[in-house]
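Quick look at final_36.cif (mmCIF, C-alpha atoms and all ligand atoms):
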```
data_coords
loop_
_atom_site.label_atom_id
_atom_site.label_comp_id
_atom_site.auth_asym_id
_atom_site.auth_seq_id
_atom_site.Cartn_x
_atom_site.Cartn_y
_atom_site.Cartn_z
CA MET A 1 -21.27 -12.57 -18.80
CA THR A 2 -24.02 -12.84 -16.22
CA GLN A 3 -23.81 -11.20 -12.82
CA HIS A 4 -23.11 -14.48 -11.02
CA ASP A 5 -20.85 -16.09 -13.57
CA THR A 6 -17.61 -16.85 -11.74
CA ASP A 7 -15.77 -19.05 -14.20
CA HIS A 8 -15.52 -16.70 -17.16
CA ALA A 9 -12.26 -16.31 -19.10
CA LEU A 10 -10.13 -13.40 -17.90
CA LYS A 11 -8.90 -11.18 -20.71
CA THR A 12 -7.15 -7.86 -20.88
CA GLY A 13 -8.38 -5.11 -23.20
CA GLY A 14 -11.53 -3.97 -21.44
CA GLU A 15 -14.16 -6.02 -23.23
CA GLN A 16 -16.04 -6.41 -19.92
CA GLY A 17 -16.56 -2.63 -19.89
CA TYR A 18 -13.48 -1.63 -17.91
CA LEU A 19 -9.75 -2.10 -17.79
CA ARG A 20 -8.40 -3.74 -14.64
CA ILE A 21 -5.77 -1.61 -12.95
CA ALA A 22 -4.13 -3.34 -10.00
CA THR A 23 -2.82 -0.79 -7.51
CA GLU A 24 -0.72 -2.62 -4.88
CA GLU A 25 1.66 -4.81 -6.83
CA ALA A 26 5.10 -5.70 -5.52
CA PHE A 27 8.56 -6.26 -6.96
CA ALA A 28 11.96 -6.79 -5.34
CA THR A 29 15.59 -6.44 -6.30
CA ARG A 30 18.18 -9.10 -5.61
CA GLU A 31 20.34 -6.70 -3.59
CA GLN A 32 17.36 -5.76 -1.40
CA ILE A 33 16.64 -9.42 -0.58
CA ASP A 34 20.36 -10.02 0.02
CA VAL A 35 20.43 -7.27 2.66
CA TYR A 36 17.34 -8.79 4.33
CA LEU A 37 19.10 -12.17 4.41
CA ARG A 38 22.27 -10.64 5.81
CA MET A 39 20.27 -8.90 8.55
CA VAL A 40 18.34 -12.04 9.42
CA ARG A 41 21.58 -14.02 9.64
CA ASP A 42 23.71 -11.50 11.54
CA GLY A 43 20.92 -10.81 14.04
CA THR A 44 20.40 -7.10 13.17
CA ALA A 45 16.91 -7.73 11.72
CA ASP A 46 14.04 -6.89 14.05
CA ARG A 47 11.68 -9.68 15.08
CA GLY A 48 9.20 -8.85 12.31
CA MET A 49 11.78 -9.00 9.52
CA THR A 50 13.20 -12.20 10.96
CA SER A 51 9.72 -13.72 10.80
CA LEU A 52 8.73 -12.35 7.38
CA TRP A 53 11.94 -12.40 5.36
CA GLY A 54 13.48 -15.26 7.28
CA PHE A 55 10.56 -17.14 5.73
CA TYR A 56 10.32 -15.76 2.19
CA ALA A 57 14.06 -15.53 1.55
CA GLN A 58 14.97 -18.95 2.99
CA SER A 59 12.01 -21.30 3.04
CA PRO A 60 12.02 -24.15 0.51
CA SER A 61 8.19 -24.09 0.53
CA GLU A 62 6.42 -23.66 -2.79
CA ARG A 63 4.80 -20.38 -1.63
CA ALA A 64 8.12 -18.77 -0.70
CA MET A 65 10.02 -19.94 -3.79
CA GLN A 66 7.30 -18.81 -6.20
CA ILE A 67 6.93 -15.45 -4.53
CA ILE A 68 10.66 -14.71 -4.68
CA GLU A 69 10.78 -15.70 -8.35
CA ARG A 70 7.80 -13.54 -9.21
CA LEU A 71 8.98 -10.56 -7.15
CA LEU A 72 12.26 -10.47 -9.05
CA ASP A 73 10.63 -10.47 -12.50
CA LEU A 74 9.68 -7.16 -14.09
CA GLY A 75 9.37 -8.60 -17.58
CA GLU A 76 7.78 -11.43 -19.49
CA ARG A 77 6.85 -13.64 -16.57
CA ARG A 78 4.95 -10.87 -14.83
CA ILE A 79 3.23 -9.79 -18.04
CA ALA A 80 2.21 -13.41 -18.70
CA ASP A 81 0.74 -13.64 -15.19
CA MET A 82 -1.11 -10.36 -15.75
CA ASP A 83 -2.43 -11.61 -19.08
CA ALA A 84 -3.61 -14.84 -17.47
CA THR A 85 -5.65 -12.96 -14.86
CA GLY A 86 -6.90 -10.11 -17.05
CA ILE A 87 -4.82 -7.40 -15.39
CA ASP A 88 -4.30 -4.56 -17.87
CA LYS A 89 -2.01 -2.39 -15.75
CA ALA A 90 -0.01 -2.90 -12.55
CA ILE A 91 1.00 -0.07 -10.24
CA LEU A 92 4.30 -1.34 -8.91
CA ALA A 93 6.21 -0.64 -5.71
CA LEU A 94 9.31 -2.03 -4.04
CA THR A 95 8.13 -4.80 -1.73
CA SER A 96 7.76 -4.23 1.99
CA PRO A 97 9.61 -3.12 4.06
CA GLY A 98 11.65 -1.61 1.21
CA VAL A 99 14.89 -0.17 2.56
CA GLN A 100 13.29 1.22 5.70
CA PRO A 101 14.95 -1.19 8.18
CA PHE A 102 18.48 -0.59 6.90
CA SER A 103 20.67 0.90 9.63
CA ASP A 104 23.22 2.15 7.08
CA THR A 105 21.38 5.11 5.56
CA HIS A 106 23.76 5.30 2.59
CA GLU A 107 23.08 1.67 1.77
CA ALA A 108 19.33 2.37 2.06
CA GLN A 109 19.62 5.32 -0.33
CA ARG A 110 21.74 3.38 -2.81
CA ILE A 111 19.36 0.42 -2.94
CA ALA A 112 16.21 2.56 -3.11
CA ARG A 113 17.71 4.70 -5.85
CA SER A 114 18.79 1.72 -7.95
CA ALA A 115 15.37 0.07 -7.45
CA ASN A 116 13.75 3.29 -8.68
CA ASP A 117 16.06 3.40 -11.69
CA LEU A 118 15.32 -0.23 -12.53
CA LEU A 119 11.57 0.27 -12.14
CA ALA A 120 11.62 3.36 -14.35
CA GLU A 121 13.47 1.41 -17.04
CA ARG A 122 10.98 -1.51 -16.84
CA CYS A 123 8.00 0.91 -16.95
CA ALA A 124 9.49 2.53 -20.05
CA ALA A 125 9.84 -0.92 -21.63
CA HIS A 126 6.13 -1.70 -20.95
CA PRO A 127 4.47 1.70 -20.80
CA ASP A 128 0.94 0.40 -21.29
CA ARG A 129 1.28 -2.28 -18.57
CA PHE A 130 3.54 -0.97 -15.78
CA ILE A 131 3.25 2.18 -13.65
CA GLY A 132 5.72 2.96 -10.88
CA MET A 133 5.68 4.33 -7.37
CA THR A 134 8.80 5.85 -5.84
CA ALA A 135 10.65 4.00 -3.07
CA VAL A 136 12.18 6.20 -0.37
CA ALA A 137 14.40 5.89 2.70
CA PRO A 138 12.43 7.82 5.34
CA GLN A 139 15.35 7.53 7.77
CA ASP A 140 16.66 10.46 5.68
CA PRO A 141 13.58 12.66 5.03
CA GLN A 142 15.44 15.31 3.05
CA TRP A 143 16.93 12.73 0.70
CA SER A 144 13.52 11.09 0.42
CA ALA A 145 11.92 14.40 -0.52
CA GLU A 146 14.45 14.81 -3.32
CA GLU A 147 13.86 11.25 -4.49
CA ILE A 148 10.09 11.89 -4.53
CA ARG A 149 10.72 14.90 -6.77
CA ARG A 150 13.06 12.86 -9.01
CA GLY A 151 10.44 10.08 -9.19
CA ALA A 152 7.70 12.51 -10.17
CA HIS A 153 9.66 14.73 -12.54
CA ASP A 154 12.33 12.49 -14.11
CA LEU A 155 11.16 8.90 -13.72
CA GLY A 156 7.44 9.25 -14.51
CA PHE A 157 6.25 7.70 -11.25
CA LYS A 158 2.71 8.36 -10.05
CA GLY A 159 2.89 7.94 -6.28
CA VAL A 160 5.10 7.10 -3.33
CA GLN A 161 4.96 3.96 -1.21
CA ILE A 162 6.10 3.88 2.39
CA ASN A 163 5.96 0.59 4.24
CA SER A 164 4.56 1.86 7.52
CA HIS A 165 6.98 2.47 10.41
CA THR A 166 10.67 3.14 9.86
CA GLN A 167 12.65 1.41 12.63
CA GLY A 168 9.78 2.05 15.04
CA ARG A 169 9.21 5.68 14.00
CA TYR A 170 5.93 6.97 12.57
CA LEU A 171 5.37 9.60 9.91
CA ASP A 172 3.48 11.93 12.25
CA GLU A 173 6.82 12.98 13.79
CA PRO A 174 7.82 16.48 12.55
CA PHE A 175 11.14 14.84 11.53
CA PHE A 176 9.36 13.40 8.45
CA ASP A 177 7.73 16.65 7.32
CA PRO A 178 10.00 17.09 4.24
CA ILE A 179 8.34 13.97 2.81
CA PHE A 180 4.87 15.53 3.10
CA ARG A 181 6.15 18.78 1.67
CA ALA A 182 7.46 16.89 -1.39
CA LEU A 183 4.18 14.98 -1.78
CA SER A 184 2.33 18.26 -1.65
CA ASP A 185 4.67 19.98 -4.12
CA THR A 186 4.43 17.10 -6.61
CA GLY A 187 0.72 16.44 -6.04
CA GLN A 188 1.38 12.74 -5.58
CA PRO A 189 -0.51 10.28 -3.36
CA LEU A 190 1.18 8.41 -0.50
CA TYR A 191 0.47 4.68 -0.31
CA ILE A 192 1.06 3.46 3.24
CA HIS A 193 1.72 -0.22 2.77
CA PRO A 194 2.00 -2.53 5.76
CA GLY A 195 5.19 -3.79 7.29
CA THR A 196 5.56 -6.11 10.25
CA PRO A 197 4.97 -4.38 13.59
CA PRO A 198 8.04 -2.99 15.36
CA ASP A 199 9.58 -4.89 18.27
CA ALA A 200 7.69 -2.67 20.75
CA MET A 201 4.38 -4.01 19.38
CA ILE A 202 4.98 -7.42 17.91
CA GLY A 203 5.29 -9.67 20.99
CA PRO A 204 1.81 -11.13 21.49
CA LEU A 205 1.16 -11.10 17.73
CA LEU A 206 4.32 -13.04 16.89
CA ASP A 207 3.96 -15.82 19.41
CA ALA A 208 0.52 -16.61 17.97
CA GLY A 209 1.63 -16.43 14.33
CA LEU A 210 -0.43 -13.26 13.82
CA ASP A 211 2.41 -10.82 13.08
CA GLY A 212 2.22 -10.77 9.28
CA ALA A 213 -0.41 -10.29 6.58
CA ILE A 214 -2.96 -12.27 8.57
CA TYR A 215 -3.44 -9.48 11.15
CA GLY A 216 -0.31 -7.70 12.45
CA PHE A 217 0.16 -5.83 9.15
CA GLY A 218 -3.35 -4.44 9.32
CA VAL A 219 -3.49 -3.27 12.91
CA GLU A 220 -0.07 -1.65 12.75
CA THR A 221 -0.78 0.15 9.46
CA GLY A 222 -4.26 1.21 10.51
CA MET A 223 -2.75 2.68 13.66
CA HIS A 224 -0.17 4.51 11.54
CA LEU A 225 -2.90 6.20 9.51
CA LEU A 226 -4.76 7.09 12.70
CA ARG A 227 -1.60 8.64 14.15
CA LEU A 228 -1.41 10.85 11.04
CA ILE A 229 -5.07 11.81 11.07
CA THR A 230 -5.14 12.63 14.79
CA ILE A 231 -2.00 14.78 14.57
CA GLY A 232 -3.85 16.85 11.95
CA ILE A 233 -1.91 15.88 8.81
CA PHE A 234 -4.87 16.70 6.58
CA ASP A 235 -5.41 20.09 8.20
CA ARG A 236 -1.76 20.81 7.41
CA TYR A 237 -1.94 19.30 3.90
CA PRO A 238 -5.60 19.52 2.78
CA ASP A 239 -4.89 18.21 -0.72
CA LEU A 240 -2.89 15.18 0.45
CA GLN A 241 -4.35 11.79 -0.47
CA ILE A 242 -3.27 8.74 1.52
CA MET A 243 -3.98 5.26 0.22
CA VAL A 244 -4.14 2.12 2.30
CA GLY A 245 -4.75 -1.43 1.17
CA HIS A 246 -6.62 -4.40 2.61
CA MET A 247 -9.92 -2.51 2.57
CA GLY A 248 -8.54 0.35 4.60
CA GLU A 249 -6.88 -1.93 7.17
CA ALA A 250 -10.32 -2.37 8.79
CA LEU A 251 -10.69 1.33 9.60
CA PRO A 252 -13.87 2.00 7.56
CA TYR A 253 -15.66 -0.44 9.84
CA TRP A 254 -14.37 1.39 12.91
CA LEU A 255 -15.25 4.94 11.88
CA TYR A 256 -18.22 5.41 14.16
CA ARG A 257 -16.35 4.35 17.30
CA LEU A 258 -13.21 6.22 16.29
CA ASP A 259 -15.12 9.47 15.99
CA TYR A 260 -17.15 8.95 19.14
CA MET A 261 -14.07 8.24 21.26
CA HIS A 262 -11.90 10.83 19.52
CA GLN A 263 -14.42 13.52 20.34
CA ALA A 264 -14.83 12.27 23.90
CA GLY A 265 -11.04 12.34 24.26
CA ILE A 266 -10.83 15.91 23.00
CA ARG A 267 -13.68 17.15 25.23
CA SER A 268 -12.11 15.70 28.32
CA ALA A 269 -8.57 16.87 27.38
CA ARG A 270 -7.35 13.44 28.40
CA TYR A 271 -4.35 13.41 26.05
CA GLU A 272 -2.18 16.39 25.31
CA ARG A 273 -1.52 15.19 21.76
CA MET A 274 -5.22 14.83 20.93
CA LYS A 275 -6.22 18.25 19.60
CA PRO A 276 -9.42 19.40 17.89
CA LEU A 277 -9.35 18.90 14.13
CA LYS A 278 -11.18 20.70 11.33
CA LYS A 279 -13.15 17.59 10.38
CA THR A 280 -14.27 14.31 11.84
CA ILE A 281 -12.20 11.20 11.15
CA ALA A 282 -15.02 9.87 8.97
CA ASP A 283 -14.97 13.10 6.97
CA TYR A 284 -11.22 12.78 6.36
CA PHE A 285 -11.93 9.31 5.02
CA ARG A 286 -14.32 10.96 2.55
CA SER A 287 -11.88 13.67 1.47
CA ASN A 288 -8.29 12.45 1.94
CA VAL A 289 -8.18 8.65 2.25
CA LEU A 290 -8.39 6.05 -0.52
CA VAL A 291 -8.62 2.32 0.02
CA THR A 292 -7.78 -0.65 -2.16
CA CYS A 293 -9.06 -4.20 -1.91
CA SER A 294 -5.61 -5.84 -1.85
CA GLY A 295 -5.89 -9.14 -0.05
CA MET A 296 -9.63 -8.58 0.53
CA ALA A 297 -11.50 -9.69 -2.56
CA TRP A 298 -14.71 -9.64 -0.58
CA GLU A 299 -17.85 -7.96 -1.85
CA PRO A 300 -19.48 -7.12 1.53
CA ALA A 301 -16.35 -5.27 2.71
CA ILE A 302 -16.02 -3.47 -0.62
CA ARG A 303 -19.65 -2.37 -0.64
CA PHE A 304 -19.44 -1.21 2.95
CA ALA A 305 -16.39 0.96 2.22
CA GLN A 306 -18.11 2.36 -0.87
CA GLN A 307 -21.10 3.22 1.29
CA VAL A 308 -19.18 5.02 4.05
CA MET A 309 -16.36 6.61 1.97
CA GLY A 310 -17.88 7.06 -1.47
CA GLU A 311 -17.70 4.95 -4.61
CA ASP A 312 -14.90 7.12 -5.93
CA ARG A 313 -12.55 6.11 -3.07
CA VAL A 314 -12.38 2.33 -3.35
CA MET A 315 -9.99 0.77 -5.87
CA TYR A 316 -8.96 -2.63 -7.09
CA ALA A 317 -5.62 -4.25 -6.14
CA MET A 318 -4.41 -7.82 -6.48
CA ASP A 319 -1.31 -7.72 -4.24
CA TYR A 320 0.71 -9.73 -6.76
CA PRO A 321 2.60 -11.93 -6.11
CA TYR A 322 1.42 -12.45 -2.54
CA GLN A 323 -2.19 -13.08 -3.57
CA TYR A 324 -2.08 -14.13 -7.20
CA GLU A 325 -5.57 -15.64 -7.47
CA ALA A 326 -7.55 -15.68 -10.70
CA HIS A 327 -10.73 -16.73 -8.89
CA GLU A 328 -10.63 -13.48 -6.90
CA VAL A 329 -10.62 -11.42 -10.10
CA ARG A 330 -13.64 -13.41 -11.29
CA ALA A 331 -15.44 -12.89 -7.98
CA LEU A 332 -14.87 -9.15 -8.19
CA ASP A 333 -16.03 -9.04 -11.81
CA ALA A 334 -19.24 -10.67 -10.58
CA MET A 335 -19.95 -8.15 -7.80
CA GLU A 336 -23.47 -6.76 -7.86
CA LEU A 337 -22.52 -3.20 -8.72
CA THR A 338 -23.76 -1.03 -11.54
CA PRO A 339 -21.52 -1.07 -14.63
CA GLU A 340 -20.49 2.51 -13.83
CA VAL A 341 -19.44 1.74 -10.25
CA LYS A 342 -17.58 -1.37 -11.37
CA ARG A 343 -15.68 0.73 -13.88
CA GLN A 344 -14.81 3.21 -11.14
CA PHE A 345 -13.60 0.39 -8.92
CA PHE A 346 -11.40 -1.36 -11.49
CA GLN A 347 -10.27 1.54 -13.65
CA THR A 348 -11.30 5.15 -13.37
CA ASN A 349 -10.68 5.75 -9.66
CA ALA A 350 -7.06 4.60 -10.14
CA GLU A 351 -6.76 6.83 -13.22
CA ARG A 352 -8.08 9.77 -11.27
CA TRP A 353 -6.14 9.40 -8.02
CA PHE A 354 -2.81 8.34 -9.53
CA LYS A 355 -3.30 10.90 -12.33
CA LEU A 356 -2.61 8.32 -15.05
C1 LIG B 401 2.54 -10.51 2.44
C2 LIG B 401 1.36 -9.82 2.15
C3 LIG B 401 3.76 -9.90 2.19
C4 LIG B 401 1.41 -8.55 1.64
C5 LIG B 401 3.80 -8.63 1.64
O1 LIG B 401 4.95 -7.97 1.43
C6 LIG B 401 2.62 -7.98 1.30
C7 LIG B 401 2.48 -11.85 2.99
C8 LIG B 401 6.15 -8.44 2.02
O2 LIG B 401 1.50 -12.58 2.73
O3 LIG B 401 3.41 -12.26 3.70
O4 LIG B 401 2.70 -6.83 0.61
N1 LIG B 401 0.19 -7.84 1.54
O5 LIG B 401 0.16 -6.65 1.20
O6 LIG B 401 -0.88 -8.42 1.90
MN MN B 402 1.00 -5.78 -0.36
#
```
What is this file in structure tokens?
Ligand code: 1DF
Ligand code: MN
Amino acid sequence: MTQHDTDHALKTGGEQGYLRIATEEAFATREQIDVYLRMVRDGTADRGMTSLWGFYAQSPSERAMQIIERLLDLGERRIADMDATGIDKAILALTSPGVQPFSDTHEAQRIARSANDLLAERCAAHPDRFIGMTAVAPQDPQWSAEEIRRGAHDLGFKGVQINSHTQGRYLDEPFFDPIFRALSDTGQPLYIHPGTPPDAMIGPLLDAGLDGAIYGFGVETGMHLLRLITIGIFDRYPDLQIMVGHMGEALPYWLYRLDYMHQAGIRSARYERMKPLKKTIADYFRSNVLVTCSGMAWEPAIRFAQQVMGEDRVMYAMDYPYQYEAHEVRALDAMELTPEVKRQFFQTNAERWFKL
């Protein structure tokens, strides 16, 4: 294979010098989608869920129908799709927003728990292809902490995914601390996956069609990570690793300005919440943040993040089934990186940070 070959066959097995481990891969359960539909129809869904799941769960379009079908499969269909695009292993999580919008906390717990049980069973059936992340119901942090421990100790999961805000609340509130305590105790990474912005934020995004994966996901999730960094989450939990997709939700590109203005804000004591931290924001990105290229199969962005964060902190993700594109895998195979860095990107960084 030459460096610029972009029509090569995609095979699993590592003959190109690395396995491909995809780190932001989604599945759904029927009961989860049924609750989304119920909420959209009875008017209890927020505006973001009405936009996102009103579309995927009801649209007769080819995109929506295929995505629902693929989300619900944790067996042969998914493995065939992985084989066809050369994906050796998928790190799987309950699709966004998980159970986080459910107003009935017991229903949220029941559906998260049964999704975790199902995922564990499917991972055990395909141990060399599937790896799981625990789904939680942050509206009950203590229950979530116990589920994180069950995921790590009993179910064999390797991380925890939270789909950004929970009914408009952000993880920097002390209310959610039991979740960070459990992550710290189990040594597991937290993947903050996007969800649609809460009603307080979505207005001018939604009316322009910018609320979802095109842009609203990224700005809301990037803000969530910044809320955590600026409250000092990594001073409190120095070993915590937080992963974000979509090339860091644009934050690597912003690091210079973030640090300049953060420091100016601290010096002038403009905001009570904005306290001095042990490190700069850019330094936390080099010690506690990991990014994946989900949805952003774009060499310049990948190389930039490698440059500012380190080559050990940028990982491959496909975002199946939302971005199931063989040509993107080929384009990434053809990136002008040394064989060692390409292996880090596709394989060994994921092995290291998920402790596979
Ligand atoms: C979409 C994209 C939906 C991503 C997702 O989960 C998702 C989409 C509901 O295109 O609507 O995970 N994504 O991560 O880019
Ligand atoms: Mn995703």
Checklist entry - Could you list as a PyMOL selection string every residue that has an atom within 8 Å of (12.0, -11.1, -7.3), using the file's coordinates and counting only C-alpha atoms? => result chain A and resi 27-30+67-73
Item to check | Distance filter 7 Å around ligand LIG 401 (chain B), atoms: all atoms listed in the file, out as a VMD selection string | outcome: chain A and resid 26 52 95 to 97 193 to 194 212 to 213 294 to 295 319 322
Item to check | Distance criterion (all atoms listed in the file): nearest to Val40 in chain A out of A:Pro300, A:Gly265, A:Pro101, A:Gly17 | outcome: A:Pro101
Item to check | Nearby residues (all atoms listed in the file) at most 10 Å from range 77-81 of chain A, same-chain spacing under 6 positions excluded, as a PyMOL selection string | outcome: chain A and resi 27+69-71+87-90+126+129-130+320-321+324+326
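Of note, CA of Asp259 in chain A and CA of Met274 in chain A are spaced 12.3 Å apart.
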Next on the checklist: Calculated over all atoms listed in the file, which of the candidates A:Glu24, A:Asp128, A:Asp172, A:Asp42 has the smallest distance to ligand MN 402 (chain B)?
Outcome noted: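 Comparing A:Glu24, A:Asp128, A:Asp172, A:Asp42 against ligand MN 402 (chain B), the winner is A:Glu24.
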Checklist entry - Excluding same-chain residues fewer than 2 positions from Leu225 in chain A, what lies within 12 Å of it counting all atoms listed in the file, as a PyMOL selection string? => result chain A and resi 162-165+170-172+190-194+218-223+227-234+241-245+248-252+281+284-285+288-291
Checklist entry - For Thr186 in chain A, which of A:Leu255, A:Ala145, A:Ala269, A:Ala112 is the closest residue, counting all atoms listed in the file? => result A:Ala145
